[in-house]
Structures are given as structure tokens and as C-alpha cells.
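Q: This is entry08.pdb, which holds PDB, C-alpha atoms:
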ATOM      1  CA  MET A 156     253.716 -77.502-120.064
ATOM      2  CA  THR A 157     257.233 -76.205-119.405
ATOM      3  CA  ALA A 158     257.589 -72.558-118.383
ATOM      4  CA  LEU A 159     261.388 -72.481-117.968
ATOM      5  CA  GLU A 160     264.114 -74.730-119.293
ATOM      6  CA  VAL A 161     267.812 -74.344-118.504
ATOM      7  CA  ARG A 162     270.209 -76.687-120.280
ATOM      8  CA  ASN A 163     273.966 -77.064-119.681
ATOM      9  CA  LEU A 164     274.379 -73.454-118.570
ATOM     10  CA  HIS A 165     277.962 -72.201-118.160
ATOM     11  CA  LYS A 166     279.157 -68.782-116.983
ATOM     12  CA  ARG A 167     282.580 -67.670-115.790
ATOM     13  CA  TYR A 168     284.079 -64.381-114.671
ATOM     14  CA  GLY A 169     287.741 -64.475-115.579
ATOM     15  CA  PRO A 170     289.226 -67.570-113.955
ATOM     16  CA  HIS A 171     286.190 -68.031-111.658
ATOM     17  CA  VAL A 172     283.547 -70.493-112.853
ATOM     18  CA  ALA A 173     280.240 -69.230-111.442
ATOM     19  CA  VAL A 174     277.891 -71.664-113.190
ATOM     20  CA  ASP A 175     279.118 -75.051-114.366
ATOM     21  CA  ASP A 176     276.661 -77.104-116.455
ATOM     22  CA  VAL A 177     273.416 -76.199-114.660
ATOM     23  CA  SER A 178     270.241 -77.815-116.005
ATOM     24  CA  PHE A 179     266.644 -77.883-114.743
ATOM     25  CA  THR A 180     263.077 -77.342-115.933
ATOM     26  CA  VAL A 181     260.153 -75.548-114.292
ATOM     27  CA  ALA A 182     256.561 -76.488-115.055
ATOM     28  CA  GLU A 183     253.844 -73.905-115.619
ATOM     29  CA  GLY A 184     252.122 -72.950-112.373
ATOM     30  CA  GLU A 185     254.953 -74.327-110.235
ATOM     31  CA  ILE A 186     256.828 -72.645-107.408
ATOM     32  CA  PHE A 187     260.374 -73.815-108.073
ATOM     33  CA  GLY A 188     262.899 -73.091-105.343
ATOM     34  CA  ILE A 189     266.645 -72.635-105.721
ATOM     35  CA  ILE A 190     268.831 -72.992-102.632
ATOM     36  CA  GLY A 191     272.574 -73.099-102.149
ATOM     37  CA  PRO A 192     275.475 -71.547-100.217
ATOM     38  CA  ASN A 193     277.071 -68.201-100.938
ATOM     39  CA  GLY A 194     278.807 -68.179-104.312
ATOM     40  CA  ALA A 195     277.022 -71.329-105.477
ATOM     41  CA  GLY A 196     275.843 -69.691-108.709
ATOM     42  CA  LYS A 197     272.200 -69.051-107.809
ATOM     43  CA  THR A 198     272.116 -65.347-108.604
ATOM     44  CA  THR A 199     274.129 -65.719-111.818
ATOM     45  CA  THR A 200     271.698 -68.417-112.941
ATOM     46  CA  VAL A 201     268.560 -66.357-112.355
ATOM     47  CA  GLU A 202     270.137 -63.212-113.842
ATOM     48  CA  SER A 203     270.914 -65.242-116.954
ATOM     49  CA  ILE A 204     267.285 -66.393-117.084
ATOM     50  CA  ALA A 205     266.183 -62.766-116.787
ATOM     51  CA  GLY A 206     268.471 -61.731-119.649
ATOM     52  CA  LEU A 207     270.667 -59.624-117.375
ATOM     53  CA  ARG A 208     273.692 -61.870-118.014
ATOM     54  CA  THR A 209     274.797 -63.563-121.227
ATOM     55  CA  PRO A 210     275.811 -67.192-120.669
ATOM     56  CA  ASP A 211     279.103 -68.440-122.094
ATOM     57  CA  SER A 212     277.340 -71.575-123.319
ATOM     58  CA  GLY A 213     274.179 -73.586-122.823
ATOM     59  CA  SER A 214     270.588 -72.634-123.517
ATOM     60  CA  ILE A 215     267.715 -70.967-121.676
ATOM     61  CA  SER A 216     264.076 -71.002-122.694
ATOM     62  CA  VAL A 217     261.476 -68.768-121.035
ATOM     63  CA  LEU A 218     258.059 -69.745-122.365
ATOM     64  CA  GLY A 219     259.814 -70.869-125.543
ATOM     65  CA  LEU A 220     261.826 -67.646-125.897
ATOM     66  CA  ASP A 221     265.561 -66.948-125.617
ATOM     67  CA  PRO A 222     266.277 -64.251-122.965
ATOM     68  CA  VAL A 223     269.135 -62.827-125.072
ATOM     69  CA  LYS A 224     267.781 -63.089-128.622
ATOM     70  CA  ASP A 225     264.181 -62.333-127.622
ATOM     71  CA  ARG A 226     265.004 -59.887-124.846
ATOM     72  CA  ALA A 227     262.110 -57.471-125.460
ATOM     73  CA  GLU A 228     259.491 -60.222-125.632
ATOM     74  CA  VAL A 229     260.845 -62.019-122.558
ATOM     75  CA  ARG A 230     260.734 -58.749-120.630
ATOM     76  CA  GLU A 231     257.002 -58.547-121.354
ATOM     77  CA  ARG A 232     256.377 -62.023-119.960
ATOM     78  CA  LEU A 233     258.872 -62.202-117.103
ATOM     79  CA  GLY A 234     258.621 -60.294-113.820
ATOM     80  CA  VAL A 235     261.730 -59.900-111.679
ATOM     81  CA  GLN A 236     262.226 -58.976-108.030
ATOM     82  CA  LEU A 237     265.982 -58.943-107.457
ATOM     83  CA  GLN A 238     267.793 -59.238-104.143
ATOM     84  CA  GLU A 239     268.904 -55.604-104.198
ATOM     85  CA  SER A 240     265.843 -53.481-105.008
ATOM     86  CA  SER A 241     265.398 -49.861-103.966
ATOM     87  CA  PHE A 242     263.455 -46.849-105.165
ATOM     88  CA  PRO A 243     263.575 -43.068-104.682
ATOM     89  CA  ASP A 244     262.603 -42.176-101.120
ATOM     90  CA  ALA A 245     260.049 -39.589-102.221
ATOM     91  CA  ILE A 246     258.118 -41.744-104.712
ATOM     92  CA  LYS A 247     254.658 -42.809-103.591
ATOM     93  CA  VAL A 248     253.416 -46.380-103.857
ATOM     94  CA  ALA A 249     250.757 -45.557-106.464
ATOM     95  CA  GLU A 250     253.196 -43.425-108.457
ATOM     96  CA  ALA A 251     255.721 -46.264-108.642
ATOM     97  CA  LEU A 252     253.138 -48.769-109.833
ATOM     98  CA  GLU A 253     251.610 -46.404-112.379
ATOM     99  CA  PHE A 254     255.069 -45.525-113.702
ATOM    100  CA  TYR A 255     256.187 -49.159-114.000
ATOM    101  CA  SER A 256     252.929 -50.201-115.671
ATOM    102  CA  SER A 257     253.677 -47.706-118.474
ATOM    103  CA  PHE A 258     256.643 -49.877-119.523
ATOM    104  CA  TYR A 259     254.403 -52.756-120.656
ATOM    105  CA  ARG A 260     251.964 -53.138-123.507
ATOM    106  CA  ASP A 261     249.465 -55.218-121.511
ATOM    107  CA  PRO A 262     249.890 -54.410-117.816
ATOM    108  CA  VAL A 263     247.501 -55.525-115.111
ATOM    109  CA  ASP A 264     245.425 -52.906-113.319
ATOM    110  CA  TRP A 265     247.903 -51.714-110.707
ATOM    111  CA  ARG A 266     244.990 -50.802-108.421
ATOM    112  CA  GLU A 267     244.103 -54.484-108.264
ATOM    113  CA  LEU A 268     247.683 -55.266-107.270
ATOM    114  CA  LEU A 269     247.398 -52.774-104.430
ATOM    115  CA  GLU A 270     244.398 -54.724-103.182
ATOM    116  CA  LEU A 271     245.990 -58.148-103.737
ATOM    117  CA  LEU A 272     249.141 -57.201-101.831
ATOM    118  CA  GLY A 273     247.451 -55.239 -99.067
ATOM    119  CA  LEU A 274     248.861 -51.854-100.084
ATOM    120  CA  THR A 275     245.662 -49.931-100.827
ATOM    121  CA  GLU A 276     245.893 -47.947 -97.602
ATOM    122  CA  ARG A 277     249.512 -47.104 -98.428
ATOM    123  CA  ARG A 278     248.922 -45.927-102.005
ATOM    124  CA  ASN A 279     249.890 -42.336-101.112
ATOM    125  CA  THR A 280     252.708 -43.296 -98.748
ATOM    126  CA  ARG A 281     256.249 -42.399 -99.795
ATOM    127  CA  TYR A 282     258.733 -45.221-100.179
ATOM    128  CA  LYS A 283     260.945 -44.079 -97.302
ATOM    129  CA  ALA A 284     257.978 -44.288 -94.903
ATOM    130  CA  LEU A 285     257.137 -47.921 -95.713
ATOM    131  CA  SER A 286     258.034 -50.731 -93.330
ATOM    132  CA  GLY A 287     260.349 -53.497 -94.477
ATOM    133  CA  GLY A 288     257.417 -55.794 -95.183
ATOM    134  CA  GLN A 289     255.571 -53.099 -97.131
ATOM    135  CA  LYS A 290     258.661 -52.417 -99.248
ATOM    136  CA  GLN A 291     258.836 -56.102-100.097
ATOM    137  CA  ARG A 292     255.135 -56.078-101.035
ATOM    138  CA  LEU A 293     255.748 -53.130-103.324
ATOM    139  CA  SER A 294     258.711 -54.923-104.889
ATOM    140  CA  ILE A 295     256.502 -57.936-105.592
ATOM    141  CA  ALA A 296     253.779 -55.693-107.017
ATOM    142  CA  LEU A 297     256.266 -54.063-109.388
ATOM    143  CA  ALA A 298     257.431 -57.517-110.526
ATOM    144  CA  LEU A 299     253.810 -58.423-111.305
ATOM    145  CA  VAL A 300     252.525 -55.191-112.816
ATOM    146  CA  GLY A 301     253.541 -56.216-116.342
ATOM    147  CA  ASN A 302     251.148 -59.177-116.158
ATOM    148  CA  PRO A 303     253.974 -61.752-116.375
ATOM    149  CA  LYS A 304     253.516 -65.464-116.842
ATOM    150  CA  VAL A 305     256.727 -66.131-114.893
ATOM    151  CA  ALA A 306     258.144 -64.263-111.882
ATOM    152  CA  ILE A 307     261.651 -64.474-110.406
ATOM    153  CA  LEU A 308     261.760 -63.655-106.689
ATOM    154  CA  ASP A 309     265.304 -63.421-105.294
ATOM    155  CA  GLU A 310     265.826 -63.487-101.496
ATOM    156  CA  LEU A 311     262.275 -62.332-100.978
ATOM    157  CA  THR A 312     262.103 -62.095 -97.181
ATOM    158  CA  THR A 313     265.645 -61.186 -96.151
ATOM    159  CA  GLY A 314     265.509 -58.655 -93.315
ATOM    160  CA  LEU A 315     261.840 -59.184 -92.494
ATOM    161  CA  ASP A 316     260.550 -60.083 -89.036
ATOM    162  CA  PRO A 317     258.947 -63.539 -88.592
ATOM    163  CA  GLN A 318     255.367 -62.307 -88.989
ATOM    164  CA  ALA A 319     256.181 -60.260 -92.092
ATOM    165  CA  ARG A 320     257.913 -63.306 -93.581
ATOM    166  CA  ARG A 321     254.849 -65.477 -93.057
ATOM    167  CA  ASP A 322     252.559 -62.800 -94.465
ATOM    168  CA  THR A 323     254.792 -62.637 -97.548
ATOM    169  CA  TRP A 324     254.664 -66.416 -97.929
ATOM    170  CA  SER A 325     250.868 -66.280 -97.982
ATOM    171  CA  LEU A 326     251.023 -63.587-100.656
ATOM    172  CA  ILE A 327     253.297 -65.689-102.850
ATOM    173  CA  GLU A 328     250.906 -68.618-102.615
ATOM    174  CA  ARG A 329     248.063 -66.316-103.637
ATOM    175  CA  VAL A 330     250.109 -65.034-106.591
ATOM    176  CA  ARG A 331     250.781 -68.620-107.712
ATOM    177  CA  ASP A 332     247.048 -69.296-107.489
ATOM    178  CA  THR A 333     246.502 -66.599-110.144
ATOM    179  CA  GLY A 334     248.498 -68.760-112.589
ATOM    180  CA  VAL A 335     251.957 -67.184-112.307
ATOM    181  CA  THR A 336     254.936 -69.563-112.380
ATOM    182  CA  ILE A 337     257.431 -68.578-109.682
ATOM    183  CA  LEU A 338     261.188 -69.116-109.501
ATOM    184  CA  LEU A 339     262.101 -68.564-105.854
ATOM    185  CA  VAL A 340     265.717 -68.033-104.776
ATOM    186  CA  THR A 341     266.206 -68.188-101.022
ATOM    187  CA  HIS A 342     268.708 -69.079 -98.327
ATOM    188  CA  PHE A 343     265.933 -69.732 -95.790
ATOM    189  CA  MET A 344     265.329 -73.471 -95.645
ATOM    190  CA  ASP A 345     261.933 -73.112 -93.956
ATOM    191  CA  GLU A 346     260.832 -70.731 -96.715
ATOM    192  CA  ALA A 347     261.897 -73.111 -99.472
ATOM    193  CA  GLU A 348     260.263 -76.053 -97.715
ATOM    194  CA  ARG A 349     256.995 -74.190 -97.146
ATOM    195  CA  LEU A 350     256.566 -72.654-100.602
ATOM    196  CA  SER A 351     258.308 -74.820-103.182
ATOM    197  CA  ASP A 352     256.724 -77.613-105.187
ATOM    198  CA  ARG A 353     260.247 -78.683-106.175
ATOM    199  CA  ILE A 354     263.714 -77.455-105.230
ATOM    200  CA  ALA A 355     267.084 -77.378-106.977
ATOM    201  CA  VAL A 356     270.113 -77.489-104.678
ATOM    202  CA  ILE A 357     272.978 -75.641-106.395
ATOM    203  CA  ASP A 358     276.464 -76.040-104.984
ATOM    204  CA  GLY A 359     279.757 -75.062-106.570
ATOM    205  CA  GLY A 360     278.017 -73.925-109.732
ATOM    206  CA  ARG A 361     276.372 -77.308-110.278
ATOM    207  CA  VAL A 362     272.952 -78.773-109.547
ATOM    208  CA  ALA A 363     273.509 -81.205-106.696
ATOM    209  CA  ALA A 364     269.883 -82.378-106.509
ATOM    210  CA  VAL A 365     266.385 -81.607-107.767
ATOM    211  CA  ASP A 366     263.368 -83.015-105.958
ATOM    212  CA  THR A 367     260.293 -82.157-103.927
ATOM    213  CA  PRO A 368     260.987 -80.896-100.397
ATOM    214  CA  ALA A 369     259.822 -84.254 -99.040
ATOM    215  CA  GLY A 370     262.052 -86.094-101.499
ATOM    216  CA  LEU A 371     265.111 -84.079-100.500
ATOM    217  CA  ILE A 372     264.380 -84.556 -96.804
ATOM    218  CA  ALA A 373     264.051 -88.310 -97.321
ATOM    219  CA  ARG A 374     267.623 -88.322 -98.650
ATOM    220  CA  ALA A 375     268.954 -86.773 -95.442
ATOM    221  CA  SER A 376     268.616 -89.820 -93.263
ATOM    222  CA  ALA A 377     266.247 -92.543 -92.241
ATOM    223  CA  THR A 378     267.042 -91.885 -88.571
ATOM    224  CA  ARG A 379     264.610 -90.410 -86.081
ATOM    225  CA  GLN A 380     265.039 -88.942 -82.621
ATOM    226  CA  VAL A 381     262.777 -88.954 -79.560
ATOM    227  CA  ARG A 382     263.364 -86.564 -76.647
ATOM    228  CA  PHE A 383     261.737 -86.769 -73.217
ATOM    229  CA  ARG A 384     262.212 -86.544 -69.450
ATOM    230  CA  VAL A 385     261.737 -89.587 -67.218
ATOM    231  CA  SER A 386     259.530 -89.632 -64.137
ATOM    232  CA  GLN A 387     261.964 -91.891 -62.249
ATOM    233  CA  PRO A 388     265.391 -93.488 -62.762
ATOM    234  CA  LEU A 389     265.638 -95.901 -65.668
ATOM    235  CA  ALA A 390     268.445 -98.206 -66.750
ATOM    236  CA  ARG A 391     269.939 -97.136 -70.085
ATOM    237  CA  SER A 392     269.824-100.710 -71.318
ATOM    238  CA  VAL A 393     266.000-100.717 -71.246
ATOM    239  CA  LEU A 394     266.011 -98.534 -74.368
ATOM    240  CA  ALA A 395     269.523 -99.082 -75.732
ATOM    241  CA  GLU A 396     268.801-102.770 -76.354
ATOM    242  CA  LEU A 397     265.659-102.151 -78.412
ATOM    243  CA  PRO A 398     266.063-103.299 -82.059
ATOM    244  CA  ASP A 399     265.024 -99.906 -83.477
ATOM    245  CA  VAL A 400     267.421 -97.912 -81.244
ATOM    246  CA  THR A 401     270.919 -96.971 -82.430
ATOM    247  CA  ASP A 402     271.979 -94.541 -79.691
ATOM    248  CA  VAL A 403     270.869 -93.265 -76.277
ATOM    249  CA  GLU A 404     272.132 -90.011 -74.716
ATOM    250  CA  ILE A 405     271.253 -89.166 -71.096
ATOM    251  CA  THR A 406     271.718 -85.742 -69.476
ATOM    252  CA  GLY A 407     270.250 -85.732 -65.974
ATOM    253  CA  ASP A 408     266.596 -86.706 -66.396
ATOM    254  CA  ARG A 409     266.605 -85.823 -70.104
ATOM    255  CA  TRP A 410     266.893 -88.579 -72.686
ATOM    256  CA  LEU A 411     267.625 -88.429 -76.394
ATOM    257  CA  VAL A 412     266.989 -91.688 -78.223
ATOM    258  CA  THR A 413     268.062 -92.097 -81.854
ATOM    259  CA  GLY A 414     266.931 -94.908 -84.104
ATOM    260  CA  ARG A 415     265.012 -96.086 -87.144
ATOM    261  CA  GLY A 416     261.767 -97.778 -88.065
ATOM    262  CA  GLN A 417     258.976 -97.600 -85.486
ATOM    263  CA  LEU A 418     261.151 -95.780 -82.975
ATOM    264  CA  LEU A 419     258.397 -93.876 -81.167
ATOM    265  CA  SER A 420     256.191 -96.898 -80.553
ATOM    266  CA  SER A 421     259.204 -98.978 -79.472
ATOM    267  CA  VAL A 422     260.298 -96.359 -76.927
ATOM    268  CA  ALA A 423     256.754 -95.747 -75.661
ATOM    269  CA  GLY A 424     256.188 -99.484 -75.207
ATOM    270  CA  ALA A 425     259.442 -99.960 -73.303
ATOM    271  CA  LEU A 426     258.670 -97.050 -70.984
ATOM    272  CA  ALA A 427     255.198 -98.429 -70.306
ATOM    273  CA  ARG A 428     256.567-101.875 -69.471
ATOM    274  CA  ALA A 429     259.064-100.274 -67.078
ATOM    275  CA  GLN A 430     256.227 -98.207 -65.564
ATOM    276  CA  VAL A 431     258.099 -94.982 -66.364
ATOM    277  CA  VAL A 432     256.313 -91.891 -67.672
ATOM    278  CA  GLY A 433     258.011 -89.931 -70.453
ATOM    279  CA  HIS A 434     257.316 -86.226 -69.858
ATOM    280  CA  ASP A 435     257.577 -83.547 -72.588
ATOM    281  CA  LEU A 436     257.987 -86.287 -75.194
ATOM    282  CA  ARG A 437     258.922 -84.878 -78.591
ATOM    283  CA  VAL A 438     259.776 -86.473 -81.898
ATOM    284  CA  ASP A 439     262.405 -84.543 -83.865
ATOM    285  CA  GLN A 440     261.473 -84.529 -87.551
ATOM    286  CA  ARG A 441     264.082 -84.213 -90.260
ATOM    287  CA  ASN A 442     263.770 -81.037 -92.310
ATOM    288  CA  LEU A 443     265.333 -79.283 -95.282
ATOM    289  CA  ASP A 444     268.251 -78.105 -93.131
ATOM    290  CA  ASP A 445     269.241 -81.732 -92.628
ATOM    291  CA  ALA A 446     268.798 -82.459 -96.330
ATOM    292  CA  PHE A 447     270.953 -79.475 -97.284
ATOM    293  CA  VAL A 448     273.782 -80.623 -95.021
ATOM    294  CA  ALA A 449     273.496 -84.207 -96.274
ATOM    295  CA  ILE A 450     273.613 -83.145 -99.935
ATOM    296  CA  THR A 451     276.254 -80.398 -99.789
ATOM    297  CA  GLY A 452     278.328 -81.531 -96.807
ATOM    298  CA  ARG A 453     278.221 -78.016 -95.398
ATOM    299  CA  ALA A 454     277.374 -77.045 -91.827
ATOM    300  CA  PRO A 455     274.375 -74.737 -91.303
ATOM    301  CA  ALA A 456     276.653 -71.846 -90.290
ATOM    302  CA  GLU A 457     278.155 -71.841 -93.785
ATOM    303  CA  ARG A 458     274.871 -71.000 -95.480
ATOM    304  CA  ARG A 459     274.432 -67.439 -96.608
ATOM    305  CA  ALA A 460     272.556 -65.657 -99.363
ATOM    306  CA  GLY A 461     274.374 -65.795-102.692
TER     307      GLY A 461
END
What is this structure when it is put down as C-alpha cells?

A:
Amino acid sequence: MTALEVRNLHKRYGPHVAVDDVSFTVAEGEIFGIIGPNGAGKTTTVESIAGLRTPDSGSISVLGLDPVKDRAEVRERLGVQLQESSFPDAIKVAEALEFYSSFYRDPVDWRELLELLGLTERRNTRYKALSGGQKQRLSIALALVGNPKVAILDELTTGLDPQARRDTWSLIERVRDTGVTILLVTHFMDEAERLSDRIAVIDGGRVAAVDTPAGLIARASATRQVRFRVSQPLARSVLAELPDVTDVEITGDRWLVTGRGQLLSSVAGALARAQVVGHDLRVDQRNLDDAFVAITGRAPAERRAG
């Protein structure tokens, strides 16, 4: 079953084209990631899905409903946690959840959300006294209090420390396990790779690729790299002449061997035959960072939220 369907979406602001013919579908129960550089059109796309923007052309279906024509009904079924979310400093966690639940005709028990998101002990804590991670948990809880079938989470872990980010990831996986379809917008490649079942890469207002994280990574390159230190001097040609090796870089006793195919076994075998021990041997795996650069042609430093 399809939870979300975006077809040929266009949106411009004056002369600037923000979204240019974006199309993708999201299956029920899926975590669907959207990644892309600043200004790529990610936020405009998700705000159009949420009914906060009116597209110039194209169509959007949220559980079979149009976010513009069926705005009230979509609001009942769609939870949204936007990139810029803040609340009055003095409001307490329980007060915020109880207040937000009053907006919906069939809300979940907000007390259960407190338990699910680990906020029970903070129910009487004022917003200004919450940590960054706790504020994000509250934001997620408020997106879920209406008992939505679909949730949009935009730049979920920006500003959180590494442990808080990982805790939040675990929460999102638990939310998905309750049956909620999640549209995840992020500029963190490790976050998208960890959480997403499939990912859309949006660049320049267009969808550059849609695939599983593994599928996108496979597009990056078939090359592999092996790093190690040698126990004694070794002629470069011993490894450079191996069929699977395409390049060898040597810095002191540190070696970086690049190649394809069965690179690791080829290098290990050659070292053994030369009676050389490879210390601190490490295989560098390709990741979503590499895929992003391969697909968009942009260096990692160019990636920002947007």
C-alpha cells in the first residue's frame, strides 16, 4: 500500500525554481529518507506534502487525500516535526501534550507517549529546562499525539550530541514499529543510512536518485581500500603488480592500497608470501557520503541542511 505519492511537483518563488518535477512514492510502514544540499528543495517538498505550501503544479497524495483540498482531514492523519520548532519557555511537558491532543478528534493517550519517548520523569518540567535531546523527544511526541498514520520529521537530530542522536534514532525505529510511516529529512548521511529503508537524493530541485542505502552506495564506486602498517620494508611492486590493485600510496610505514574485486585476500596473500605482517589492517567501506558525492558531484563540505 502507498502512504505518500508525489508526482511532477513544481514550486517556484519568483524567478527561483525551488522544486522542479519531483516525483516519488512512500510505502506504508516505510522510513523514507530525503537528503540533499542546501537549497535543493527538500523543505519546500515536505512543506507541500504537509499542506503548508501550495504547489504550482503536480499532485500530492497523503493516504489518498490532497493536502490542499483535504487539508483538515490530512491534518488529522499527518504528524509534522519541522526543522524550526519551539515552544513557550514556561510550558510544562505534560501541558504541551495535553494541549496539542485537544486539537485532534482521535488522539493517542499522551501519557503513553511520555512513556514511549522516555519523558515520564520530565512531565512537570518546563520547556526551557529540558536538554536538547529532551526537547527533540517532546517535538516528536507532539508530532505523534494526533495518532497519525504518517509523520514528517525534518532535521530531527541537528544540534544533538552523538549519544542523544543515537537515542533518537532508536526512538524513531520504535515509532516505525508501531505502524507509523515516516518521511525523514536529514543532512546527516549516517542518520539516513541507519534509519531509511529507501532514500531520495534531491539536488537542484530534482530527484537525482531513489534507492535503498545499499543500492545508492553501490553506485558510488566498485573500488575498495585497504590500510595497514608493514612490519618491515616492502617493495611497492609486490602489491602494485597484483591484478586487483589499481593504486598504492606509501607514507613511511603506512600503506594505502586501492583496488577492486577480492582486494583484501589478494593483499593479505601477497604480504604472507613476502613474510611481511600487516599491522592495524583496516578495510575502508564505501558509505552514503561517497554515494552522495558520486550522485551530486558535490564535495562533503558543501552539504548543509536545507

Q: Taking the point (277.5, -73.6, -109.4) as given in the file, collect each protein or nucleic acid residue that comes within 8 Å of it, counting all atoms listed in the file, and present the set as a list of chain:residue names.

A: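 Here is the list of nearby residues: A:Val172, A:Ala173, A:Val174, A:Asp175, A:Asp176, A:Val177, A:Gly194, A:Ala195, A:Gly196, A:Lys197, A:Ile357, A:Asp358, A:Gly359, A:Gly360, A:Arg361, A:Val362.
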
Q: For Leu339 of chain A, which of A:Ile246, A:Val381, A:Leu269, A:Val181 is the closest residue, counting all atoms listed in the file?

A: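 The closest residue to Leu339 of chain A is A:Val181.
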
Q: Which residue, A:Ile354, A:Met344, A:Leu418, A:Val335, has the smallest gap to Thr180 of chain A when you use only C-alpha atoms?

A: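 Ranking A:Ile354, A:Met344, A:Leu418, A:Val335 by distance to Thr180 of chain A, first place goes to A:Ile354.
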
Q: Pick out the closest residue to Gly433 of chain A from this set: A:Arg391, A:Phe383, A:Phe447, A:Phe254. Count all atoms listed in the file.

A: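 Once distances to Gly433 of chain A are computed over all atoms listed in the file, the minimum belongs to A:Phe383.
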
Q: My list of candidates is A:Ala245, A:Leu436, A:Ile190, A:Ala369. Which is closest to Ala347 of chain A when distances are computed with all atoms listed in the file?

A: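 Result for the nearest residue to Ala347 of chain A: A:Ile190.
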
Q: Please expand the PyMOL selection byres ((chain A and resi 282-296) around 6) into the concrete residues it hits in this file, giving the result as a list of chain:residue names.

A: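 For this structure, the PyMOL selection byres ((chain A and resi 282-296) around 6) resolves to A:Asp244, A:Ile246, A:Lys247, A:Arg281, A:Leu297, A:Ala298, A:Leu299, A:Val300, A:Ala319.
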
Q: Restricting the calculation to only C-alpha atoms, which member of A:Thr275, A:Thr157, A:Thr312, A:Gln430 is positioned closest to Leu218 of chain A?

A: A:Thr157

Q: Using all atoms listed in the file, tabulate the residues of segment 217-237 of chain A lying at most 8 Å from any atom of segment 202-205 of chain A, each with its closest atom pair and that distance in Å to one decimal, by chain and increasing residue number, as a tab-separated table.

A:
residue	atom	partner	partner_atom	distance
A:Val217	CA	A:Ile204	CA	7.4
A:Pro222	CA	A:Ile204	CA	6.3
A:Val229	CA	A:Ala205	CA	7.9
A:Arg230	CA	A:Ala205	CA	7.8
A:Leu233	CA	A:Ala205	CA	7.3
A:Val235	CA	A:Ala205	CA	7.4

Q: Carefully work through the PyMOL selection byres ((chain A and resi 437) around 10) for this structure and note down the residues it includes, as a PDB file with C-alpha atoms, in the coordinates of the input.

A:
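Result written to part35.pdb:
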ATOM      1  CA  GLN A 380     265.039 -88.942 -82.621  1.00  0.00           C
ATOM      2  CA  VAL A 381     262.777 -88.954 -79.560  1.00  0.00           C
ATOM      3  CA  ARG A 382     263.364 -86.564 -76.647  1.00  0.00           C
ATOM      4  CA  PHE A 383     261.737 -86.769 -73.217  1.00  0.00           C
ATOM      5  CA  ARG A 384     262.212 -86.544 -69.450  1.00  0.00           C
ATOM      6  CA  LEU A 411     267.625 -88.429 -76.394  1.00  0.00           C
ATOM      7  CA  LEU A 419     258.397 -93.876 -81.167  1.00  0.00           C
ATOM      8  CA  GLY A 433     258.011 -89.931 -70.453  1.00  0.00           C
ATOM      9  CA  HIS A 434     257.316 -86.226 -69.858  1.00  0.00           C
ATOM     10  CA  ASP A 435     257.577 -83.547 -72.588  1.00  0.00           C
ATOM     11  CA  LEU A 436     257.987 -86.287 -75.194  1.00  0.00           C
ATOM     12  CA  VAL A 438     259.776 -86.473 -81.898  1.00  0.00           C
ATOM     13  CA  ASP A 439     262.405 -84.543 -83.865  1.00  0.00           C
ATOM     14  CA  GLN A 440     261.473 -84.529 -87.551  1.00  0.00           C
TER      15      GLN A 440
END

Q: Return as JSON the box centre and box size in Å, one decimal, for an axis-aligned box around all listed atoms of segment 179-184 of chain A padded by 5 Å per side.

A:
{"center_x": 259.4, "center_y": -75.4, "center_z": -114.2, "size_x": 24.5, "size_y": 14.9, "size_z": 13.6}

Q: Which one of A:Asp221, A:Glu267, A:Asp445, A:Asp309 sits closest to Gly234 of chain A if you count only C-alpha atoms?

A: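 Closest candidate: A:Asp309.
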
Q: How many Å lie between atom CA of Glu228 of chain A and atom CA of Gly301 of chain A, rounded to one decimal?

A: 11.7 Å

Q: Using Å and a single decimal, report how far atom CA of Asp322 of chain A sits from atom CA of Asp264 of chain A.

A: 22.5 Å

Q: Determine the residue membership of the PyMOL selection byres ((chain A and resi 182) around 12) for the file above and supply it as a list of chain:residue names.

A: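 That selection, the PyMOL selection byres ((chain A and resi 182) around 12), comes back as A:Met156, A:Thr157, A:Ala158, A:Leu159, A:Glu160, A:Val161, A:Phe179, A:Thr180, A:Val181, A:Glu183, A:Gly184, A:Glu185, A:Ile186, A:Phe187, A:Val217, A:Leu218, A:Lys304, A:Val305, A:Gly334, A:Val335, A:Thr336, A:Ile337, A:Leu338, A:Asp352, A:Arg353.
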
Q: What does the structure give for the distance between atom CA of Ser212 of chain A and atom CA of Leu164 of chain A, in Å to one decimal?

A: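 Taking atom CA of Ser212 of chain A as the start and atom CA of Leu164 of chain A as the end point, the length is 5.9 Å.
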